[in-house]
>>> print(open('protein06.txt').read())   # compact mmCIF, C-alpha atoms and all ligand atoms
# COMPACT_ATOMS: atom_id res chain seq x y z
CA MET A 1 12.36 9.89 7.11
CA ALA A 2 10.00 10.40 10.07
CA ASP A 3 7.92 7.37 11.04
CA ARG A 4 4.33 8.58 10.67
CA TRP A 5 2.62 5.26 11.20
CA ASP A 6 0.35 4.55 14.16
CA SER A 7 0.43 0.74 13.98
CA ALA A 8 -2.26 0.27 16.66
CA LEU A 9 -4.73 2.53 14.80
CA TYR A 10 -3.79 0.79 11.56
CA ASP A 11 -4.67 -2.65 12.99
CA ASP A 12 -7.76 -1.36 14.81
CA ARG A 13 -9.52 0.75 12.15
CA HIS A 14 -7.84 -0.01 8.82
CA SER A 15 -7.59 -3.77 8.81
CA PHE A 16 -9.27 -3.85 5.38
CA VAL A 17 -5.79 -3.13 3.96
CA TRP A 18 -4.73 -6.73 4.65
CA LYS A 19 -8.13 -8.41 5.00
CA LYS A 20 -8.96 -7.67 1.36
CA ALA A 21 -5.69 -9.12 0.09
CA GLY A 22 -6.22 -12.80 0.91
CA ASP A 23 -6.69 -13.69 -2.76
CA LEU A 24 -3.40 -11.95 -3.59
CA ILE A 25 -1.75 -14.72 -1.56
CA ASP A 26 -3.54 -17.25 -3.80
CA LEU A 27 -1.90 -15.51 -6.76
CA LEU A 28 1.48 -15.75 -5.02
CA ASP A 29 0.77 -19.45 -4.40
CA PRO A 30 3.53 -20.01 -1.84
CA VAL A 31 4.61 -23.59 -1.26
CA THR A 32 6.48 -25.37 1.51
CA GLY A 33 10.18 -24.68 1.50
CA GLU A 34 10.05 -21.50 -0.56
CA ARG A 35 11.82 -18.40 0.67
CA ILE A 36 9.64 -15.31 0.29
CA LEU A 37 10.11 -11.60 0.99
CA ASP A 38 7.04 -9.59 2.06
CA LEU A 39 7.95 -6.06 0.97
CA GLY A 40 6.16 -3.40 3.07
CA CYS A 41 4.81 -5.99 5.50
CA GLY A 42 3.12 -3.50 7.85
CA THR A 43 1.90 -5.26 11.00
CA GLY A 44 2.69 -8.70 9.57
CA HIS A 45 -0.74 -10.27 9.00
CA LEU A 46 -0.13 -11.23 5.38
CA THR A 47 3.43 -12.35 6.24
CA ALA A 48 1.85 -14.77 8.72
CA GLN A 49 -0.64 -16.04 6.12
CA ILE A 50 2.24 -16.76 3.72
CA ALA A 51 4.16 -18.54 6.49
CA ALA A 52 1.04 -20.60 7.28
CA ARG A 53 1.30 -22.08 3.77
CA GLY A 54 4.73 -23.51 4.61
CA ALA A 55 7.07 -20.87 3.18
CA THR A 56 9.94 -19.24 5.06
CA VAL A 57 9.08 -15.54 5.03
CA VAL A 58 10.94 -12.35 5.85
CA GLY A 59 8.79 -9.25 6.38
CA LEU A 60 10.44 -5.90 5.61
CA ASP A 61 9.05 -2.45 6.37
CA ALA A 62 10.48 1.07 6.59
CA SER A 63 8.40 1.91 9.67
CA ALA A 64 9.87 1.00 13.07
CA SER A 65 6.39 1.20 14.58
CA MET A 66 5.00 -1.32 12.06
CA ILE A 67 7.96 -3.69 12.55
CA ALA A 68 7.60 -3.51 16.36
CA GLN A 69 3.88 -4.34 16.07
CA ALA A 70 4.57 -7.16 13.55
CA ARG A 71 7.12 -8.71 15.94
CA GLN A 72 4.62 -8.45 18.78
CA ASN A 73 1.83 -9.98 16.65
CA TYR A 74 4.00 -12.84 15.31
CA PRO A 75 7.07 -13.37 17.52
CA LYS A 76 8.15 -16.53 15.68
CA LEU A 77 8.47 -14.80 12.28
CA ALA A 78 11.39 -12.76 10.92
CA PHE A 79 10.81 -9.02 10.44
CA VAL A 80 13.43 -6.48 9.42
CA LEU A 81 13.43 -2.71 9.32
CA GLY A 82 14.60 -1.61 5.87
CA ASP A 83 14.24 0.57 2.81
CA ALA A 84 12.66 -1.04 -0.28
CA ARG A 85 14.87 1.19 -2.47
CA ALA A 86 18.04 -0.39 -1.04
CA LEU A 87 17.36 -4.10 -0.52
CA ARG A 88 20.33 -6.10 0.74
CA PHE A 89 19.95 -9.81 1.41
CA ASP A 90 22.69 -12.47 1.37
CA GLU A 91 20.33 -15.28 0.36
CA PRO A 92 18.06 -14.92 -2.68
CA PHE A 93 14.27 -15.37 -2.61
CA ASP A 94 11.93 -17.54 -4.67
CA ALA A 95 9.35 -14.76 -4.67
CA VAL A 96 8.81 -11.18 -3.56
CA PHE A 97 5.30 -10.23 -2.45
CA SER A 98 3.95 -6.75 -1.79
CA ASN A 99 0.51 -5.43 -0.83
CA ALA A 100 -0.47 -1.75 -0.53
CA ALA A 101 3.07 -0.55 0.04
CA LEU A 102 4.74 0.39 -3.24
CA HIS A 103 2.52 3.44 -3.86
CA TRP A 104 4.34 5.12 -0.95
CA ILE A 105 7.62 5.06 -2.91
CA PRO A 106 7.74 7.31 -6.00
CA GLN A 107 11.19 5.93 -6.92
CA ALA A 108 9.78 2.78 -8.52
CA ASN A 109 12.84 1.94 -10.62
CA PRO A 110 15.30 1.33 -7.77
CA VAL A 111 12.64 -0.70 -5.96
CA ILE A 112 12.02 -2.96 -8.97
CA ALA A 113 15.78 -3.26 -9.67
CA GLY A 114 16.32 -4.26 -6.02
CA VAL A 115 13.54 -6.84 -6.21
CA ALA A 116 15.12 -8.30 -9.36
CA ALA A 117 18.50 -8.51 -7.61
CA ALA A 118 16.95 -10.16 -4.54
CA LEU A 119 15.30 -12.95 -6.56
CA LYS A 120 16.60 -16.31 -7.74
CA PRO A 121 16.58 -16.85 -11.54
CA SER A 122 12.93 -17.14 -12.67
CA GLY A 123 11.79 -15.78 -9.31
CA ARG A 124 8.37 -14.13 -9.18
CA PHE A 125 7.15 -10.71 -8.09
CA VAL A 126 3.51 -10.58 -7.02
CA LEU A 127 2.13 -7.23 -6.00
CA GLU A 128 -0.90 -5.07 -5.46
CA MET A 129 -0.77 -1.29 -5.19
CA GLY A 130 -2.87 1.75 -6.04
CA ALA A 131 -3.37 2.12 -9.81
CA LYS A 132 -3.57 5.36 -11.79
CA GLY A 133 -6.84 6.94 -10.62
CA ASN A 134 -6.64 5.41 -7.12
CA ILE A 135 -8.38 7.60 -4.51
CA ALA A 136 -8.61 10.27 -7.22
CA GLN A 137 -11.57 12.03 -5.62
CA ILE A 138 -9.87 12.18 -2.22
CA ALA A 139 -6.64 13.51 -3.77
CA GLU A 140 -8.57 16.10 -5.75
CA ALA A 141 -10.38 17.32 -2.62
CA LEU A 142 -7.15 17.46 -0.61
CA THR A 143 -5.46 19.48 -3.36
CA ALA A 144 -8.37 21.87 -3.89
CA VAL A 145 -9.11 22.58 -0.23
CA LEU A 146 -5.47 22.95 0.81
CA GLU A 147 -4.75 25.31 -2.10
CA GLU A 148 -7.91 27.35 -1.40
CA ALA A 149 -6.65 27.72 2.18
CA GLY A 150 -3.28 28.99 0.88
CA HIS A 151 -1.23 25.84 1.49
CA ALA A 152 0.91 23.79 -0.89
CA ALA A 153 -0.61 20.46 -1.95
CA ARG A 154 2.01 17.77 -1.19
CA ASN A 155 0.92 14.58 -2.90
CA PRO A 156 3.20 11.76 -1.65
CA TRP A 157 1.54 8.94 -3.62
CA TYR A 158 2.65 7.05 -6.73
CA PHE A 159 -0.17 5.39 -8.63
CA PRO A 160 1.16 4.13 -11.98
CA SER A 161 -0.85 3.01 -14.98
CA ALA A 162 -0.57 -0.63 -16.05
CA GLY A 163 1.46 0.39 -19.10
CA GLU A 164 3.91 2.49 -17.11
CA TYR A 165 4.52 -0.24 -14.53
CA ALA A 166 4.81 -2.99 -17.16
CA SER A 167 7.57 -0.96 -18.89
CA LEU A 168 9.48 -0.54 -15.63
CA LEU A 169 9.23 -4.26 -14.93
CA GLU A 170 10.42 -5.15 -18.42
CA VAL A 171 13.47 -2.88 -18.37
CA ASN A 172 14.46 -4.60 -15.14
CA GLY A 173 14.30 -8.07 -16.67
CA PHE A 174 10.79 -9.17 -15.70
CA GLU A 175 8.18 -10.76 -17.92
CA VAL A 176 4.66 -9.69 -16.98
CA ARG A 177 2.51 -12.81 -16.65
CA THR A 178 -0.74 -11.15 -15.52
CA MET A 179 -1.64 -7.54 -14.87
CA GLU A 180 -5.04 -6.07 -14.07
CA THR A 181 -6.54 -2.85 -12.81
CA PHE A 182 -9.92 -2.75 -11.09
CA GLU A 183 -12.05 -0.57 -8.82
CA ARG A 184 -12.38 -1.69 -5.22
CA TRP A 185 -14.06 0.96 -3.12
CA ASN A 186 -13.51 0.44 0.60
CA LYS A 187 -16.13 1.10 3.23
CA LEU A 188 -14.50 3.12 6.01
CA GLU A 189 -14.99 1.71 9.48
CA HIS A 190 -16.57 4.49 11.53
CA PRO A 191 -19.83 5.84 10.02
CA GLU A 192 -19.35 9.54 10.81
CA ARG A 193 -15.59 9.81 11.47
CA GLY A 194 -14.53 7.30 8.77
CA LEU A 195 -13.08 9.78 6.28
CA ARG A 196 -11.48 11.91 9.01
CA GLU A 197 -9.78 8.82 10.48
CA TRP A 198 -8.64 7.69 7.03
CA LEU A 199 -7.08 11.12 6.38
CA GLU A 200 -5.41 11.02 9.80
CA MET A 201 -3.95 7.57 9.11
CA PHE A 202 -2.93 7.94 5.47
CA ALA A 203 -2.79 11.61 4.45
CA GLY A 204 -0.56 13.11 7.15
CA VAL A 205 2.07 14.34 4.67
CA TRP A 206 -0.47 16.57 2.95
CA PHE A 207 -0.86 18.51 6.20
CA ASP A 208 2.84 19.19 6.80
CA GLY A 209 3.19 22.93 7.28
CA VAL A 210 -0.52 23.44 8.03
CA PRO A 211 -0.87 24.97 11.52
CA THR A 212 -2.52 22.50 13.93
CA GLY A 213 -5.26 25.02 14.68
CA SER A 214 -6.40 25.12 11.03
CA ARG A 215 -6.53 21.37 10.43
CA THR A 216 -9.99 20.63 11.83
CA GLU A 217 -11.54 23.31 9.61
CA ILE A 218 -9.67 22.05 6.52
CA VAL A 219 -10.73 18.45 7.16
CA ALA A 220 -14.36 19.61 7.59
CA ARG A 221 -14.14 21.36 4.19
CA ILE A 222 -12.71 18.20 2.59
CA GLU A 223 -15.62 16.23 4.06
CA SER A 224 -18.16 18.71 2.65
CA ARG A 225 -16.54 18.55 -0.77
CA LEU A 226 -16.50 14.73 -0.82
CA ARG A 227 -19.88 14.02 0.80
CA PRO A 228 -21.87 13.99 -2.48
CA ALA A 229 -19.48 11.44 -4.03
CA LEU A 230 -18.20 9.27 -1.18
CA TRP A 231 -20.96 9.25 1.49
CA ARG A 232 -23.44 6.51 0.68
CA ASP A 233 -26.16 4.93 2.84
CA GLY A 234 -24.83 6.53 6.01
CA VAL A 235 -21.20 5.56 5.60
CA TRP A 236 -17.99 6.87 4.03
CA TRP A 237 -16.26 5.07 1.16
CA ALA A 238 -12.73 5.50 -0.24
CA ASP A 239 -12.48 5.31 -4.04
CA TYR A 240 -9.70 2.71 -4.31
CA LYS A 241 -8.48 1.38 -7.65
CA ARG A 242 -5.95 -1.44 -7.67
CA LEU A 243 -3.08 -2.57 -9.86
CA ARG A 244 -2.33 -6.30 -9.51
CA VAL A 245 0.70 -7.91 -11.10
CA VAL A 246 2.32 -11.31 -11.40
CA ALA A 247 5.73 -11.02 -13.06
CA ARG A 248 8.55 -13.50 -13.48
CA LEU A 249 12.26 -12.77 -13.70
CA GLY A 250 14.66 -13.70 -16.42
CA VAL A 251 12.34 -15.59 -18.73
CA PHE A 252 13.85 -13.78 -21.71
CA PRO A 253 17.33 -12.31 -22.19
CA ILE A 254 17.73 -8.62 -21.30
CA GLU A 255 18.83 -6.62 -24.34
C1 LIG A 301 -3.99 2.41 -1.06
O1 LIG A 301 -4.27 2.43 -2.23
O2 LIG A 301 -3.95 1.33 -0.43
C2 LIG A 301 -3.65 3.70 -0.38
C3 LIG A 301 -2.97 4.66 -1.07
C4 LIG A 301 -2.64 5.84 -0.44
C5 LIG A 301 -3.02 6.07 0.84
C6 LIG A 301 -3.72 5.09 1.50
C7 LIG A 301 -4.04 3.91 0.90
>>> encode(input="protein06.txt", output="structure tokens", more="lines below")
Ligand code: BEZ
Amino acid sequence: MADRWDSALYDDRHSFVWKKAGDLIDLLDPVTGERILDLGCGTGHLTAQIAARGATVVGLDASASMIAQARQNYPKLAFVLGDARALRFDEPFDAVFSNAALHWIPQANPVIAGVAAALKPSGRFVLEMGAKGNIAQIAEALTAVLEEAGHAARNPWYFPSAGEYASLLEVNGFEVRTMETFERWNKLEHPERGLREWLEMFAGVWFDGVPTGSRTEIVARIESRLRPALWRDGVWWADYKRLRVVARLGVFPIE
């Protein structure tokens, strides 16, 4: 798979992705001596926060650009390039943590099965991802404008409902301890170019097959369509909705 990530732009303009997840680390509650996997670690900022609480952490990401930036940001920590659908570790983990990564992988079952296999008995899985309805207005505008312009709408995102994800966790041997969905709109950094920059960073796949010369016009039409809903007080907002889960492995026998 091509590496689409611009890790410098991600750290510069989209730092809300990890800055808003500090309390997810409180839910993880890492303690000294624990071994923790940060699945989809991006540029490593949350990996470093987990390590600062005394745990031994491995950050894994499928993007070579993200892993290179993470290693540069935190040279003393361990980062590996890898696919969350095919986890292979010799030593098991006490916990697997994941923030804003799993919605990029529609094949949720192999990911969850791999997490279960990577954990010690009773190990925990603490995650946040986009929930059903996440960035629904942005996805609707992308679909409508691209189709109006005669292009296929290629939605790469996986935003499960709480019920759907709980079922997947349970069939893989997890017990769901807490699960919540909630709205968390994010203010986009640059007042005028905020939405454009967000689309550039996160919606590249939608534009595959769209000639470069048409993209500016299509993005301008998406902005016009979204302005009434997502432009407030002189700034762009993204209509995020989160799914947060704490699950524990092997608390009941698998039937
Ligand atoms: C998110 O919910 O964090 C997200 C989902 C898709 C694209 C960008 C961000």
>>> residues_near_ligand(input="protein06.txt", ligand="ligand LIG 301 (chain A)", cutoff="9 Å", atoms="all atoms listed in the file", output="PyMOL selection string")
chain A and resi 17+99-101+103-104+128-131+134-135+156-159+198-199+201-203+238-242
>>> residues_around(input="protein06.txt", residues="A:Leu195", least_positions_apart="3", cutoff="9 Å", atoms="all atoms listed in the file", output="list in words")
Leu188, Glu189, His190, Pro191, Glu192, Trp198, Leu199, Glu200, Glu223, Trp236, Trp237 and Ala238 of chain A
>>> atom_distance(input="protein06.txt", atom1="atom CA of A:Asp23", atom2="atom CA of A:Ala229")
28.2 Å
>>> atom_distance(input="protein06.txt", atom1="atom CA of A:Thr32", atom2="atom CA of A:Pro110")
29.6 Å
>>> closest_residue(input="protein06.txt", among="A:Asn155, A:Lys19, A:Ser7, A:Leu28", to="A:Arg71", atoms="all atoms listed in the file")
A:Ser7
>>> atom_distance(input="protein06.txt", atom1="atom CA of A:Ile50", atom2="atom CA of A:Ala78")
12.3 Å
>>> residues_near_point(input="protein06.txt", point="(-5.0, -11.8, -1.6)", cutoff="12 Å", atoms="all atoms listed in the file", output="ChimeraX atom specification")
/A:16-30,45-47,49-50,97-100,126-129,244-245
>>> closest_residue(input="protein06.txt", among="A:Cys41, A:Ala117, A:Leu243, A:Ala55", to="A:Val80", atoms="only C-alpha atoms")
A:Cys41
>>> closest_residue(input="protein06.txt", among="A:Asp233, A:Asp90, A:Glu217, A:Glu175", to="A:Ala247", atoms="only C-alpha atoms")
A:Glu175
>>> closest_residue(input="protein06.txt", among="A:Trp5, A:Val31, A:Val115, A:Glu170", to="A:Ser63", atoms="all atoms listed in the file")
A:Trp5
>>> residues_near_point(input="protein06.txt", point="(13.7, 1.2, 13.6)", cutoff="10 Å", atoms="all atoms listed in the file", output="PyMOL selection string")
chain A and resi 3+61-68+80-82
>>> residues_around(input="protein06.txt", residues="A:Val96", least_positions_apart="6", cutoff="8 Å", atoms="only C-alpha atoms", output="ChimeraX atom specification")
/A:36-39,115,119,123-126
>>> write_last_selection(input="protein06.txt", atoms="C-alpha atoms", output="PDB file, keeping the file's coordinate frame")
ATOM      1  CA  ILE A  36       9.640 -15.310   0.290  1.00  0.00           C
ATOM      2  CA  LEU A  37      10.110 -11.600   0.990  1.00  0.00           C
ATOM      3  CA  ASP A  38       7.040  -9.590   2.060  1.00  0.00           C
ATOM      4  CA  LEU A  39       7.950  -6.060   0.970  1.00  0.00           C
ATOM      5  CA  VAL A 115      13.540  -6.840  -6.210  1.00  0.00           C
ATOM      6  CA  LEU A 119      15.300 -12.950  -6.560  1.00  0.00           C
ATOM      7  CA  GLY A 123      11.790 -15.780  -9.310  1.00  0.00           C
ATOM      8  CA  ARG A 124       8.370 -14.130  -9.180  1.00  0.00           C
ATOM      9  CA  PHE A 125       7.150 -10.710  -8.090  1.00  0.00           C
ATOM     10  CA  VAL A 126       3.510 -10.580  -7.020  1.00  0.00           C
TER      11      VAL A 126
END
>>> residues_around(input="protein06.txt", residues="A:Ala166", least_positions_apart="6", cutoff="12 Å", atoms="only C-alpha atoms", output="list in words")
Ala108, Asn109, Ile112, Pro160, Asn172, Gly173, Phe174, Glu175, Val176, Arg177, Thr178, Met179, Glu180, Leu243, Arg244, Val245, Val246, Ala247 and Arg248 of chain A
>>> closest_residue(input="protein06.txt", among="A:His151, A:Val171, A:Arg193, A:Pro106", to="A:Phe207", atoms="only C-alpha atoms")
A:His151
>>> axis_aligned_box(input="protein06.txt", around="stretch 24-33 of chain A", padding_each_side="8 Å", output="AutoDock Vina command-line options")
--center_x 3.3 --center_y -18.7 --center_z -2.6 --size_x 29.7 --size_y 29.4 --size_z 24.3
>>> residues_around(input="protein06.txt", residues="A:Asp208", least_positions_apart="6", cutoff="10 Å", atoms="all atoms listed in the file", output="VMD selection string")
chain A and resid 151 to 154
>>> closest_residue(input="protein06.txt", among="A:Gln107, A:Ala144, A:Thr212, A:Val219", to="A:Glu197", atoms="all atoms listed in the file")
A:Val219
>>> build_atoms(input="protein06.txt", residues="stretch 199-229 of chain A", atoms="N, CA and C atoms", output="mmCIF file, in the frame of the given file")
data_model
loop_
_atom_site.group_PDB
_atom_site.id
_atom_site.type_symbol
_atom_site.label_atom_id
_atom_site.label_comp_id
_atom_site.auth_asym_id
_atom_site.auth_seq_id
_atom_site.Cartn_x
_atom_site.Cartn_y
_atom_site.Cartn_z
ATOM 1 N N LEU A 199 -8.020 10.031 6.684
ATOM 2 C CA LEU A 199 -7.080 11.120 6.380
ATOM 3 C C LEU A 199 -5.977 11.185 7.437
ATOM 4 N N GLU A 200 -6.379 10.985 8.696
ATOM 5 C CA GLU A 200 -5.410 11.020 9.800
ATOM 6 C C GLU A 200 -4.366 9.911 9.627
ATOM 7 N N MET A 201 -4.848 8.732 9.230
ATOM 8 C CA MET A 201 -3.950 7.570 9.110
ATOM 9 C C MET A 201 -3.057 7.671 7.876
ATOM 10 N N PHE A 202 -3.637 8.088 6.731
ATOM 11 C CA PHE A 202 -2.930 7.940 5.470
ATOM 12 C C PHE A 202 -2.514 9.243 4.783
ATOM 13 N N ALA A 203 -3.047 10.375 5.210
ATOM 14 C CA ALA A 203 -2.790 11.610 4.450
ATOM 15 C C ALA A 203 -2.006 12.648 5.258
ATOM 16 N N GLY A 204 -1.279 12.176 6.277
ATOM 17 C CA GLY A 204 -0.560 13.110 7.150
ATOM 18 C C GLY A 204 0.377 14.043 6.401
ATOM 19 N N VAL A 205 1.072 13.514 5.380
ATOM 20 C CA VAL A 205 2.070 14.340 4.670
ATOM 21 C C VAL A 205 1.435 15.580 4.045
ATOM 22 N N TRP A 206 0.190 15.434 3.582
ATOM 23 C CA TRP A 206 -0.470 16.570 2.950
ATOM 24 C C TRP A 206 -0.589 17.754 3.912
ATOM 25 N N PHE A 207 -0.613 17.463 5.202
ATOM 26 C CA PHE A 207 -0.860 18.510 6.200
ATOM 27 C C PHE A 207 0.423 19.075 6.813
ATOM 28 N N ASP A 208 1.578 18.621 6.305
ATOM 29 C CA ASP A 208 2.840 19.190 6.800
ATOM 30 C C ASP A 208 2.815 20.687 6.513
ATOM 31 N N GLY A 209 3.149 21.476 7.475
ATOM 32 C CA GLY A 209 3.190 22.930 7.280
ATOM 33 C C GLY A 209 1.850 23.599 7.516
ATOM 34 N N VAL A 210 0.786 22.820 7.725
ATOM 35 C CA VAL A 210 -0.520 23.440 8.030
ATOM 36 C C VAL A 210 -0.592 23.577 9.560
ATOM 37 N N PRO A 211 -0.822 24.804 10.060
ATOM 38 C CA PRO A 211 -0.870 24.970 11.520
ATOM 39 C C PRO A 211 -1.931 24.050 12.137
ATOM 40 N N THR A 212 -1.616 23.462 13.279
ATOM 41 C CA THR A 212 -2.520 22.500 13.930
ATOM 42 C C THR A 212 -3.913 23.089 14.097
ATOM 43 N N GLY A 213 -3.972 24.378 14.433
ATOM 44 C CA GLY A 213 -5.260 25.020 14.680
ATOM 45 C C GLY A 213 -6.159 25.104 13.450
ATOM 46 N N SER A 214 -5.589 25.015 12.253
ATOM 47 C CA SER A 214 -6.400 25.120 11.030
ATOM 48 C C SER A 214 -6.860 23.758 10.516
ATOM 49 N N ARG A 215 -6.323 22.683 11.053
ATOM 50 C CA ARG A 215 -6.530 21.370 10.430
ATOM 51 C C ARG A 215 -7.976 20.891 10.518
ATOM 52 N N THR A 216 -8.610 21.115 11.648
ATOM 53 C CA THR A 216 -9.990 20.630 11.830
ATOM 54 C C THR A 216 -10.899 21.257 10.792
ATOM 55 N N GLU A 217 -10.719 22.581 10.578
ATOM 56 C CA GLU A 217 -11.540 23.310 9.610
ATOM 57 C C GLU A 217 -11.281 22.796 8.181
ATOM 58 N N ILE A 218 -10.012 22.547 7.863
ATOM 59 C CA ILE A 218 -9.670 22.050 6.520
ATOM 60 C C ILE A 218 -10.259 20.663 6.298
ATOM 61 N N VAL A 219 -10.161 19.804 7.297
ATOM 62 C CA VAL A 219 -10.730 18.450 7.160
ATOM 63 C C VAL A 219 -12.247 18.535 6.991
ATOM 64 N N ALA A 220 -12.893 19.453 7.725
ATOM 65 C CA ALA A 220 -14.360 19.610 7.590
ATOM 66 C C ALA A 220 -14.704 20.049 6.168
ATOM 67 N N ARG A 221 -13.866 20.905 5.577
ATOM 68 C CA ARG A 221 -14.140 21.360 4.190
ATOM 69 C C ARG A 221 -13.925 20.212 3.200
ATOM 70 N N ILE A 222 -12.934 19.373 3.459
ATOM 71 C CA ILE A 222 -12.710 18.200 2.590
ATOM 72 C C ILE A 222 -13.925 17.272 2.674
ATOM 73 N N GLU A 223 -14.436 17.089 3.899
ATOM 74 C CA GLU A 223 -15.620 16.230 4.060
ATOM 75 C C GLU A 223 -16.811 16.787 3.275
ATOM 76 N N SER A 224 -17.017 18.104 3.373
ATOM 77 C CA SER A 224 -18.160 18.710 2.650
ATOM 78 C C SER A 224 -18.001 18.505 1.148
ATOM 79 N N ARG A 225 -16.774 18.679 0.671
ATOM 80 C CA ARG A 225 -16.540 18.550 -0.770
ATOM 81 C C ARG A 225 -16.771 17.107 -1.235
ATOM 82 N N LEU A 226 -16.420 16.131 -0.392
ATOM 83 C CA LEU A 226 -16.500 14.730 -0.820
ATOM 84 C C LEU A 226 -17.834 14.059 -0.522
ATOM 85 N N ARG A 227 -18.632 14.684 0.357
ATOM 86 C CA ARG A 227 -19.880 14.020 0.800
ATOM 87 C C ARG A 227 -20.776 13.587 -0.368
ATOM 88 N N PRO A 228 -20.987 14.435 -1.392
ATOM 89 C CA PRO A 228 -21.870 13.990 -2.480
ATOM 90 C C PRO A 228 -21.354 12.733 -3.197
ATOM 91 N N ALA A 229 -20.038 12.567 -3.263
ATOM 92 C CA ALA A 229 -19.480 11.440 -4.030
ATOM 93 C C ALA A 229 -19.199 10.207 -3.169
#
